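Here's input.csv, which has CSV, C-alpha atoms:
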chain,number,residue,atom,x,y,z
A,1,MET,CA,22.3,4.5,15.4
A,2,PHE,CA,21.6,7.9,13.9
A,3,GLY,CA,18.4,8.7,15.9
A,4,ARG,CA,18.4,9.4,19.6
A,5,ARG,CA,17.6,6.3,21.7
A,6,ASN,CA,14.3,6.0,23.5
A,7,THR,CA,14.6,6.4,27.2
A,8,GLN,CA,13.0,3.1,28.0
A,9,THR,CA,15.0,0.3,29.7
A,10,LYS,CA,16.0,-2.8,27.9
A,11,ALA,CA,13.5,-4.8,30.0
A,12,GLN,CA,10.7,-2.4,29.0
A,13,HIS,CA,11.7,-2.7,25.3
A,14,LEU,CA,11.6,-6.5,25.4
A,15,ARG,CA,8.3,-6.7,27.4
A,16,GLN,CA,6.5,-4.3,25.1
A,17,GLY,CA,7.8,-6.2,22.0
A,18,ARG,CA,6.5,-9.5,23.5
A,19,MET,CA,3.1,-8.0,24.3
A,20,ALA,CA,2.5,-6.7,20.8
A,21,ARG,CA,3.7,-9.9,19.1
A,22,THR,CA,1.7,-12.1,21.5
A,23,SER,CA,-1.4,-10.1,20.7
A,24,SER,CA,-0.7,-10.6,17.0
A,25,ARG,CA,-0.3,-14.4,17.4
A,26,THR,CA,-3.3,-15.1,19.6
A,27,ALA,CA,-6.0,-12.9,18.0
A,28,SER,CA,-8.6,-14.7,15.9
A,29,VAL,CA,-8.8,-12.9,12.5
A,30,ALA,CA,-12.2,-12.9,10.8
A,31,LYS,CA,-12.5,-12.4,7.0
A,32,LEU,CA,-13.0,-8.7,6.2
A,33,ASP,CA,-15.6,-7.6,3.7
A,34,VAL,CA,-14.1,-4.6,1.7
A,35,GLY,CA,-17.5,-3.0,1.5
A,36,ALA,CA,-17.8,-2.9,5.3
A,37,VAL,CA,-14.8,-0.7,5.7
A,38,VAL,CA,-14.2,1.1,2.3
A,39,ASP,CA,-16.9,3.5,0.9
A,40,THR,CA,-17.3,1.5,-2.3
A,41,GLU,CA,-20.0,3.8,-3.5
A,42,ARG,CA,-17.4,6.5,-3.9
A,43,TYR,CA,-14.4,4.3,-4.5
A,44,PRO,CA,-15.5,1.0,-6.3
A,45,ILE,CA,-12.2,-0.8,-5.7
A,46,HIS,CA,-14.2,-4.1,-5.6
A,47,ASP,CA,-15.1,-3.7,-9.3
A,48,LEU,CA,-12.0,-2.2,-11.1
A,49,GLU,CA,-13.1,-3.7,-14.4
A,50,GLY,CA,-16.4,-1.8,-14.3
A,51,LYS,CA,-16.9,1.7,-15.8
A,52,ARG,CA,-16.7,3.5,-12.5
A,53,GLY,CA,-13.7,1.5,-11.4
A,54,GLN,CA,-11.9,2.3,-14.6
A,55,GLU,CA,-12.7,6.0,-14.2
A,56,LEU,CA,-11.4,6.0,-10.6
A,57,ILE,CA,-8.1,4.4,-11.7
A,58,ARG,CA,-7.8,7.0,-14.5
A,59,ARG,CA,-8.4,10.0,-12.2
A,60,CYS,CA,-5.9,8.7,-9.7
A,61,LYS,CA,-3.2,8.0,-12.3
A,62,ASP,CA,-3.6,11.4,-13.8
A,63,ALA,CA,-3.1,13.1,-10.4
A,64,LEU,CA,-0.2,10.8,-9.5
A,65,LYS,CA,1.6,11.6,-12.8
A,66,LYS,CA,1.0,15.3,-12.5
A,67,VAL,CA,2.0,16.0,-8.9
A,68,GLY,CA,3.0,12.7,-7.5
A,69,SER,CA,0.2,12.5,-5.0
A,70,VAL,CA,-3.5,11.6,-4.9
A,71,SER,CA,-5.8,12.0,-1.9
A,72,LEU,CA,-9.1,10.0,-1.6
A,73,GLN,CA,-11.1,11.7,1.2
A,74,GLY,CA,-13.6,9.4,3.0
A,75,PHE,CA,-12.0,6.3,1.6
A,76,ILE,CA,-12.7,4.5,4.9
A,77,ARG,CA,-16.2,4.8,6.2
A,78,ASN,CA,-16.9,7.3,8.9
A,79,ASP,CA,-18.3,4.7,11.2
A,80,VAL,CA,-15.1,2.6,10.9
A,81,ILE,CA,-12.3,5.1,11.0
A,82,SER,CA,-12.8,6.1,14.6
A,83,LYS,CA,-12.7,2.5,15.7
A,84,MET,CA,-9.4,2.1,13.7
A,85,ALA,CA,-7.9,5.0,15.6
A,86,SER,CA,-9.1,3.7,19.0
A,87,GLU,CA,-7.5,0.3,18.4
A,88,VAL,CA,-4.0,1.7,17.8
A,89,SER,CA,-4.1,4.9,19.9
A,90,PRO,CA,-3.0,3.1,23.1
A,91,LEU,CA,-0.1,1.5,21.4
A,92,ILE,CA,1.8,4.8,21.4
A,93,SER,CA,3.2,3.5,24.7
A,94,CYS,CA,5.1,0.8,22.7
A,95,ALA,CA,6.2,3.2,19.9
A,96,TYR,CA,9.8,4.4,19.5
A,97,GLN,CA,10.3,8.1,19.9
A,98,ARG,CA,12.3,9.5,17.0
A,99,ILE,CA,13.6,12.8,18.6
A,100,ASP,CA,16.9,14.2,17.2
A,101,ILE,CA,18.5,16.5,14.7
A,102,ILE,CA,19.2,14.2,11.8
A,103,PRO,CA,20.4,14.3,8.1
A,104,PRO,CA,17.8,13.7,5.4
A,105,TYR,CA,20.6,12.0,3.5
A,106,ARG,CA,21.9,9.1,5.6
A,107,PRO,CA,24.9,6.8,5.0
A,108,GLU,CA,22.7,3.7,5.6
A,109,ASP,CA,20.8,4.8,2.5
A,110,GLY,CA,24.0,4.9,0.5
A,111,TYR,CA,24.7,8.6,0.8
A,112,PHE,CA,28.4,8.7,1.5
A,113,VAL,CA,30.2,12.0,1.0
A,114,SER,CA,33.0,10.3,-0.9
A,115,ASN,CA,30.5,9.3,-3.6
A,116,PHE,CA,29.7,12.9,-4.5
A,117,PRO,CA,32.3,15.5,-5.8
A,118,ASN,CA,32.5,19.1,-4.6
A,119,VAL,CA,30.7,18.7,-1.3
A,120,ARG,CA,31.0,21.9,0.8
A,121,ASN,CA,29.6,22.8,4.1
A,122,SER,CA,26.4,24.2,2.6
A,123,HIS,CA,25.7,21.0,0.6
A,124,PRO,CA,22.3,19.3,1.2
A,125,LEU,CA,24.2,16.1,2.1
A,126,LEU,CA,25.3,17.8,5.3
A,127,LYS,CA,22.0,19.3,6.3
A,128,ARG,CA,20.6,18.3,9.6
A,129,ILE,CA,17.0,18.9,10.7
A,130,ALA,CA,15.1,18.4,14.0
A,131,GLN,CA,12.2,16.0,14.2
A,132,ASP,CA,10.1,14.5,17.0
A,133,MET,CA,7.6,11.7,16.4
A,134,TYR,CA,6.6,8.2,17.5
A,135,ALA,CA,6.8,5.1,15.3
A,136,LEU,CA,5.1,1.8,15.9
A,137,ALA,CA,6.8,-0.9,13.8
A,138,ALA,CA,4.9,-3.5,11.8
A,139,ASP,CA,5.7,-6.4,14.1
A,140,GLN,CA,4.0,-4.4,17.0
A,141,ILE,CA,0.6,-4.0,15.1
A,142,PRO,CA,-1.9,-6.7,16.1
A,143,LYS,CA,-2.8,-8.9,13.2
A,144,ALA,CA,-6.5,-8.7,14.1
A,145,SER,CA,-6.6,-4.9,14.1
A,146,LEU,CA,-8.8,-3.3,11.5
A,147,ILE,CA,-5.8,-1.3,10.0
A,148,GLN,CA,-3.8,-4.5,9.5
A,149,ARG,CA,-6.7,-6.3,7.8
A,150,VAL,CA,-7.2,-3.3,5.5
A,151,TYR,CA,-3.5,-3.4,4.6
A,152,ASP,CA,-3.8,-7.1,3.8
A,153,LEU,CA,-7.0,-6.8,1.6
A,154,LEU,CA,-6.3,-8.0,-1.9
A,155,GLU,CA,-8.8,-5.4,-3.3
A,156,VAL,CA,-6.7,-2.6,-1.7
A,157,GLN,CA,-3.5,-4.1,-3.1
A,158,GLU,CA,-4.9,-4.5,-6.6
A,159,PHE,CA,-6.3,-1.0,-6.6
A,160,ILE,CA,-3.0,0.5,-5.5
A,161,GLY,CA,-1.1,-1.5,-8.0
A,162,ARG,CA,-3.4,-0.5,-10.9
A,163,VAL,CA,-3.0,3.2,-10.0
A,164,TYR,CA,0.8,2.9,-9.9
A,165,GLY,CA,0.7,1.1,-13.2
A,166,LYS,CA,2.2,-2.1,-11.8
A,167,GLU,CA,1.1,-5.6,-12.9
A,168,ARG,CA,1.3,-6.7,-9.2
A,169,LEU,CA,2.1,-5.1,-5.9
A,170,TYR,CA,3.2,-7.1,-2.9
A,171,PRO,CA,3.2,-6.2,0.8
A,172,PHE,CA,6.6,-4.9,1.7
A,173,ALA,CA,8.2,-8.0,3.3
A,174,ASP,CA,10.3,-6.1,5.9
A,175,GLU,CA,9.0,-7.2,9.3
A,176,PHE,CA,9.4,-3.7,10.7
A,177,GLN,CA,8.7,-1.4,7.8
A,178,ALA,CA,5.8,-3.1,6.1
A,179,MET,CA,3.3,-0.9,7.9
A,180,ASN,CA,3.9,1.6,10.6
A,181,ILE,CA,1.6,3.7,12.8
A,182,MET,CA,3.0,7.2,13.2
A,183,TYR,CA,2.0,9.4,16.1
A,184,MET,CA,2.7,13.1,16.3
A,185,LYS,CA,1.7,15.0,19.5
A,186,ASP,CA,1.7,18.7,20.2
A,187,GLY,CA,5.0,20.1,19.0
A,188,CYS,CA,6.0,17.1,16.9
A,189,SER,CA,7.2,17.2,13.3
A,190,GLN,CA,8.9,15.0,10.8
A,191,THR,CA,12.0,16.1,8.8
A,192,TYR,CA,12.4,16.0,5.0
A,193,HIS,CA,13.1,12.6,3.6
A,194,TYR,CA,12.6,10.2,0.7
A,195,ASP,CA,10.8,6.8,0.9
A,196,GLU,CA,12.5,3.6,0.0
A,197,SER,CA,9.9,1.3,-1.6
A,198,ASP,CA,8.1,1.8,-4.9
A,199,GLY,CA,4.7,2.7,-3.5
A,200,ILE,CA,3.9,4.5,-0.2
A,201,VAL,CA,0.3,4.7,0.9
A,202,THR,CA,-0.9,6.5,4.0
A,203,LEU,CA,-4.3,6.3,5.7
A,204,VAL,CA,-5.2,9.1,8.1
A,205,LEU,CA,-6.6,7.6,11.3
A,206,GLN,CA,-6.9,10.8,13.3
A,207,GLU,CA,-6.2,14.4,12.3
A,208,PRO,CA,-4.7,17.0,14.7
A,209,GLU,CA,-6.5,20.2,15.7
A,210,GLN,CA,-3.9,22.4,14.0
A,211,GLY,CA,-0.8,22.0,11.9
A,212,GLY,CA,0.5,18.6,10.8
A,213,GLU,CA,0.3,19.5,7.1
A,214,PHE,CA,2.0,17.1,4.6
A,215,GLU,CA,4.4,19.1,2.5
A,216,PHE,CA,6.3,17.8,-0.6
A,217,ALA,CA,8.3,18.9,-3.6
A,218,PRO,CA,6.8,16.9,-6.5
A,219,TYR,CA,9.3,14.8,-8.4
A,220,VAL,CA,12.2,17.0,-7.3
A,221,ARG,CA,14.7,14.3,-8.2
A,222,SER,CA,14.8,11.6,-10.9
A,223,LYS,CA,16.4,8.3,-11.5
A,224,ASP,CA,19.3,10.1,-13.2
A,225,SER,CA,19.8,13.1,-10.9
A,226,GLU,CA,19.6,13.9,-7.2
A,227,SER,CA,19.0,17.6,-8.1
A,228,PHE,CA,21.0,18.8,-5.1
A,229,ASP,CA,20.7,22.5,-6.3
A,230,SER,CA,16.9,22.2,-6.1
A,231,ILE,CA,17.1,20.4,-2.8
A,232,LYS,CA,19.3,23.2,-1.4
A,233,LYS,CA,16.6,25.7,-2.4
A,234,LEU,CA,14.0,23.5,-0.8
A,235,PHE,CA,15.9,23.4,2.5
A,236,ASP,CA,16.3,27.2,2.3
A,237,GLY,CA,12.5,27.7,1.8
A,238,LYS,CA,12.9,28.9,-1.8
A,239,TYR,CA,11.5,25.9,-3.8
A,240,PRO,CA,7.8,25.5,-4.6
A,241,THR,CA,6.0,22.9,-2.6
A,242,ARG,CA,2.5,21.5,-2.2
A,243,LEU,CA,0.6,21.3,1.1
A,244,ILE,CA,-2.0,18.7,2.0
A,245,LYS,CA,-4.0,18.4,5.3
A,246,PRO,CA,-6.2,15.4,4.9
A,247,LYS,CA,-9.0,14.5,7.2
A,248,ALA,CA,-9.4,11.2,9.0
A,249,GLY,CA,-10.4,8.4,6.6
A,250,THR,CA,-8.4,9.8,3.7
A,251,LEU,CA,-6.2,7.4,1.7
A,252,ASN,CA,-3.2,9.1,0.1
A,253,LEU,CA,-1.1,7.5,-2.7
A,254,PHE,CA,2.3,9.2,-3.0
A,255,ASN,CA,5.5,8.8,-4.9
A,256,GLY,CA,7.9,9.5,-2.1
A,257,LYS,CA,10.8,7.9,-3.8
A,258,TYR,CA,11.3,11.0,-6.0
A,259,SER,CA,9.5,13.7,-4.1
A,260,MET,CA,11.2,15.0,-1.0
A,261,HIS,CA,8.6,15.4,1.8
A,262,ARG,CA,8.0,16.2,5.5
A,263,VAL,CA,5.2,16.8,8.0
A,264,ARG,CA,5.0,20.2,9.5
A,265,THR,CA,4.7,20.8,13.3
A,266,VAL,CA,1.5,19.6,15.0
A,267,PHE,CA,-0.3,21.9,17.5
A,268,GLY,CA,-3.0,21.1,20.0
A,269,PRO,CA,-3.9,18.2,22.3
A,270,LYS,CA,-5.2,15.9,19.6
A,271,THR,CA,-2.5,13.5,18.3
A,272,ARG,CA,-2.0,13.1,14.6
A,273,ILE,CA,-2.2,9.3,13.8
A,274,ILE,CA,-1.5,7.9,10.4
A,275,ALA,CA,-0.8,4.4,9.0
A,276,VAL,CA,2.1,4.2,6.5
A,277,MET,CA,1.5,1.2,4.3
A,278,SER,CA,4.4,0.1,2.1
A,279,TYR,CA,4.2,-2.1,-0.9
A,280,ASP,CA,6.7,-3.3,-3.5
A,281,THR,CA,6.8,-4.7,-7.0
A,282,GLN,CA,8.8,-7.7,-5.9
A,283,PRO,CA,7.9,-10.2,-3.2
A,284,GLY,CA,10.3,-10.7,-0.3
A,285,THR,CA,11.8,-7.1,-0.4
A,286,HIS,CA,13.5,-6.1,2.8
A,287,SER,CA,15.3,-3.0,4.1
A,288,ASN,CA,18.7,-3.2,5.8
A,289,PRO,CA,19.2,-3.8,9.5
A,290,ALA,CA,21.1,-0.5,10.1
A,291,LYS,CA,18.2,1.6,8.8
A,292,ASN,CA,15.7,-0.4,10.8
A,293,VAL,CA,17.7,0.2,14.0
A,294,ALA,CA,17.9,3.9,13.1
A,295,LEU,CA,14.1,4.0,12.6
A,296,TYR,CA,12.9,1.8,15.5
A,297,GLY,CA,15.6,1.9,18.1
A,298,GLU,CA,17.2,-0.5,20.6
A,299,ARG,CA,14.3,-3.0,20.6
A,300,VAL,CA,15.0,-3.8,17.0
A,301,ARG,CA,18.8,-3.9,17.5
A,302,GLU,CA,18.3,-6.5,20.2
A,303,ILE,CA,16.1,-8.6,17.9
A,304,TYR,CA,18.8,-8.5,15.2
A,305,GLU,CA,21.6,-9.2,17.6
A,306,SER,CA,19.7,-12.2,19.1
A,307,ARG,CA,19.7,-13.6,15.5
A,308,GLY,CA,23.4,-12.9,15.0
A,309,THR,CA,22.6,-10.3,12.3
A,310,SER,CA,25.0,-7.3,11.9
A,311,CYS,CA,23.6,-3.8,12.2
A,312,SER,CA,26.6,-2.1,10.6
A,313,VAL,CA,25.9,0.8,8.3
A,314,ALA,CA,28.4,-0.6,5.8
A,315,LYS,CA,26.9,-1.5,2.5
A,316,LYS,CA,28.3,-3.3,-0.5
A,317,SER,CA,32.0,-2.2,-0.8
A,318,PHE,CA,32.0,-0.1,2.3
A,319,SER,CA,33.8,-1.6,5.3
A,320,LYS,CA,33.5,-0.6,9.0
A,321,ALA,CA,36.7,1.5,8.6
A,322,GLU,CA,35.2,3.4,5.6
A,323,GLU,CA,32.0,4.0,7.7
A,324,MET,CA,34.2,5.6,10.4
A,325,GLU,CA,36.0,7.6,7.7
A,326,GLU,CA,32.6,8.9,6.5
A,327,ARG,CA,31.8,10.2,10.0
A,328,LYS,CA,35.2,11.9,10.1
A,329,ARG,CA,34.6,13.6,6.7
A,330,ARG,CA,31.2,14.9,7.8
A,331,ARG,CA,32.6,16.3,11.0
A,332,GLN,CA,35.3,18.1,9.1
A,333,LEU,CA,32.7,19.6,6.8
A,334,GLY,CA,30.7,20.9,9.7
A,335,SER,CA,28.1,18.1,10.0
A,336,LYS,CA,27.9,14.9,12.0
A,337,LEU,CA,25.9,11.7,12.4

Please lay out the structure from this file as structure tokens.
Amino acid sequence: MFGRRNTQTKAQHLRQGRMARTSSRTASVAKLDVGAVVDTERYPIHDLEGKRGQELIRRCKDALKKVGSVSLQGFIRNDVISKMASEVSPLISCAYQRIDIIPPYRPEDGYFVSNFPNVRNSHPLLKRIAQDMYALAADQIPKASLIQRVYDLLEVQEFIGRVYGKERLYPFADEFQAMNIMYMKDGCSQTYHYDESDGIVTLVLQEPEQGGEFEFAPYVRSKDSESFDSIKKLFDGKYPTRLIKPKAGTLNLFNGKYSMHRVRTVFGPKTRIIAVMSYDTQPGTHSNPAKNVALYGERVREIYESRGTSCSVAKKSFSKAEEMEERKRRRQLGSKL
């Protein structure tokens, strides 16, 4: 809806979706030993009650509290990470290309101009930034793949939950957003944005030759304030940020709900591949159809429409007419969707 559509035909969309889902259904999934994939000597997530496990949790909590991010280099064993990458690398042909100039603040996330007073043409709400990347949705990732099995590991979920200070974390129940594989080729980048769920975890499967740094503004907003003045400075390049360029096998825990972030441009022939693993404090949490269509394109729209599910941007008290009025207001202020 707000991202440029992929150039594939409807038949191609449906065929690729069926191929990925069939692979997920028919594969035989063996039980995964956490020690076979995670370097438990360095990261003893299998024994979080032990002294070393407690120290690991403390170090991660301290870093997350201080800057909103913690990177665990070599979390996945070297002999495993290349296999993980090789399993998902060919699936880029099924991924949705997000290429457009888009607003970091979208109406489908509740950012209607009418909700905020004194919006002028230089306001961050109206900012539009170019991005180009490829997104493989959760329903396209084979259940037997190594990355899917790591995402499902109870030891991984418990470790992440303990670091975030949550009694229990659950896999994000949204069938498209639970876990994504993100591909960035030469010249690709990802625009500034916030994350939706409580805990976002990324695992680097393959690093690019140059560029592709993860840049973020730690805790630039809070529950009580959007801090638009700071965000304007950020968009103008005048707000302090942090840069991370993790190597393959690095697990990163990040508070993307309050730290605006992006991925800088990738350079070179080697594709940047990461898995974005989403969890939530409540079971059964879903995103809304409009956002999923914007994130994953026509294939997802067709799935919703086949179920009779509306993909309107309208939320809560906003009607379709009010949605159109939002578009009109943004055009008048010099922006558009």

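Shell of Ser278 of chain A at 10 Å, with all atoms listed in the file counted and residues fewer than 6 places along the chain excluded, is Tyr151, Leu169, Tyr170, Pro171, Phe172, Ala173, Asp174, Gln177, Ala178, Met179, Asn180, Asp195, Glu196, Ser197, Asp198, Gly199, Ile200, Val201 and Thr202 of chain A.
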
Write the residues of the preceding selection, restricted to C-alpha atoms, as a short mmCIF file (atom, residue, chain, number, x, y, z; two decimals), in the coordinates of the input.
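File produced: part.cif:
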data_model
loop_
_atom_site.label_atom_id
_atom_site.label_comp_id
_atom_site.auth_asym_id
_atom_site.auth_seq_id
_atom_site.Cartn_x
_atom_site.Cartn_y
_atom_site.Cartn_z
CA TYR A 151 -3.50 -3.40 4.60
CA LEU A 169 2.10 -5.10 -5.90
CA TYR A 170 3.20 -7.10 -2.90
CA PRO A 171 3.20 -6.20 0.80
CA PHE A 172 6.60 -4.90 1.70
CA ALA A 173 8.20 -8.00 3.30
CA ASP A 174 10.30 -6.10 5.90
CA GLN A 177 8.70 -1.40 7.80
CA ALA A 178 5.80 -3.10 6.10
CA MET A 179 3.30 -0.90 7.90
CA ASN A 180 3.90 1.60 10.60
CA ASP A 195 10.80 6.80 0.90
CA GLU A 196 12.50 3.60 0.00
CA SER A 197 9.90 1.30 -1.60
CA ASP A 198 8.10 1.80 -4.90
CA GLY A 199 4.70 2.70 -3.50
CA ILE A 200 3.90 4.50 -0.20
CA VAL A 201 0.30 4.70 0.90
CA THR A 202 -0.90 6.50 4.00
#

Residue neighbourhood Leu146 of chain A, 6 Å, all atoms listed in the file, exclusion window fewer than 2 positions, as a list in words: Met84, Gln148 and Arg149 of chain A

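Using all atoms listed in the file, the protein and nucleic acid residues lying no more than 7 Å from segment 121-133 of chain A, apart from those fewer than 6 places from it along its own chain, are Gln97, Arg98, Ile99, Asp100, Ile101, Ile102, Pro103, Pro104, Tyr105, Tyr183, Met184, Cys188, Ser189, Gln190, Thr191, Phe228, Ile231, Lys232, Leu333, Gly334 and Ser335 of chain A.
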
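Of the residues under consideration (A:Asn115, A:Lys257, A:Glu87, A:Leu153), A:Leu153 shows the shortest atom-to-atom contact distance to Lys31 of chain A when counting all atoms listed in the file.
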
Shell of 9 Å around Asn252 of chain A, all atoms listed in the file, local chain residues under 4 positions omitted, as a list of chain:residue names: A:Ser69, A:Val70, A:Ser71, A:Leu72, A:Gln73, A:Ile200, A:Val201, A:Thr202, A:Leu203, A:Val204, A:Pro246

For segment 258-324 of chain A versus segment 213-220 of chain A, which residues have an atom no more than 10 Å away, and what is each residue's nearest atom pair and distance in Å rounded to one decimal, using all atoms listed in the file, chain-then-number order, as CSV?
residue,atom,partner,partner_atom,distance
A:Tyr258,CA,A:Tyr219,CA,4.9
A:Ser259,CA,A:Tyr219,CA,4.4
A:Met260,CA,A:Ala217,CA,5.5
A:His261,CA,A:Phe216,CA,4.1
A:Arg262,CA,A:Glu215,CA,5.5
A:Val263,CA,A:Phe214,CA,4.7
A:Arg264,CA,A:Glu213,CA,5.3
A:Thr265,CA,A:Glu213,CA,7.7
A:Val266,CA,A:Glu213,CA,8.0

Contacts of Gly68 of chain A within 6 Å, all atoms listed in the file, excl. fewer than 4 positions in-chain, as a list in words: Leu64, Pro218, Phe254 and Asn255 of chain A

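Straight-line separation from atom CA of Val67 of chain A to atom CA of Glu207 of chain A: 22.8 Å.
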
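Distance annotation: of A:Cys94, A:Lys143, A:Thr250, A:Ala135, the residue with the minimal separation from Phe75 of chain A is A:Thr250; atom set is only C-alpha atoms.
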
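Nearest to His46 of chain A of all the residues A:Glu226, A:Glu305, A:Glu298, A:Glu158 is A:Glu158, counting all atoms listed in the file.
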
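Nearest residue to Asp79 of chain A among A:Gly249, A:Pro283, A:Gly211, A:Gly297 is A:Gly249, counting all atoms listed in the file.
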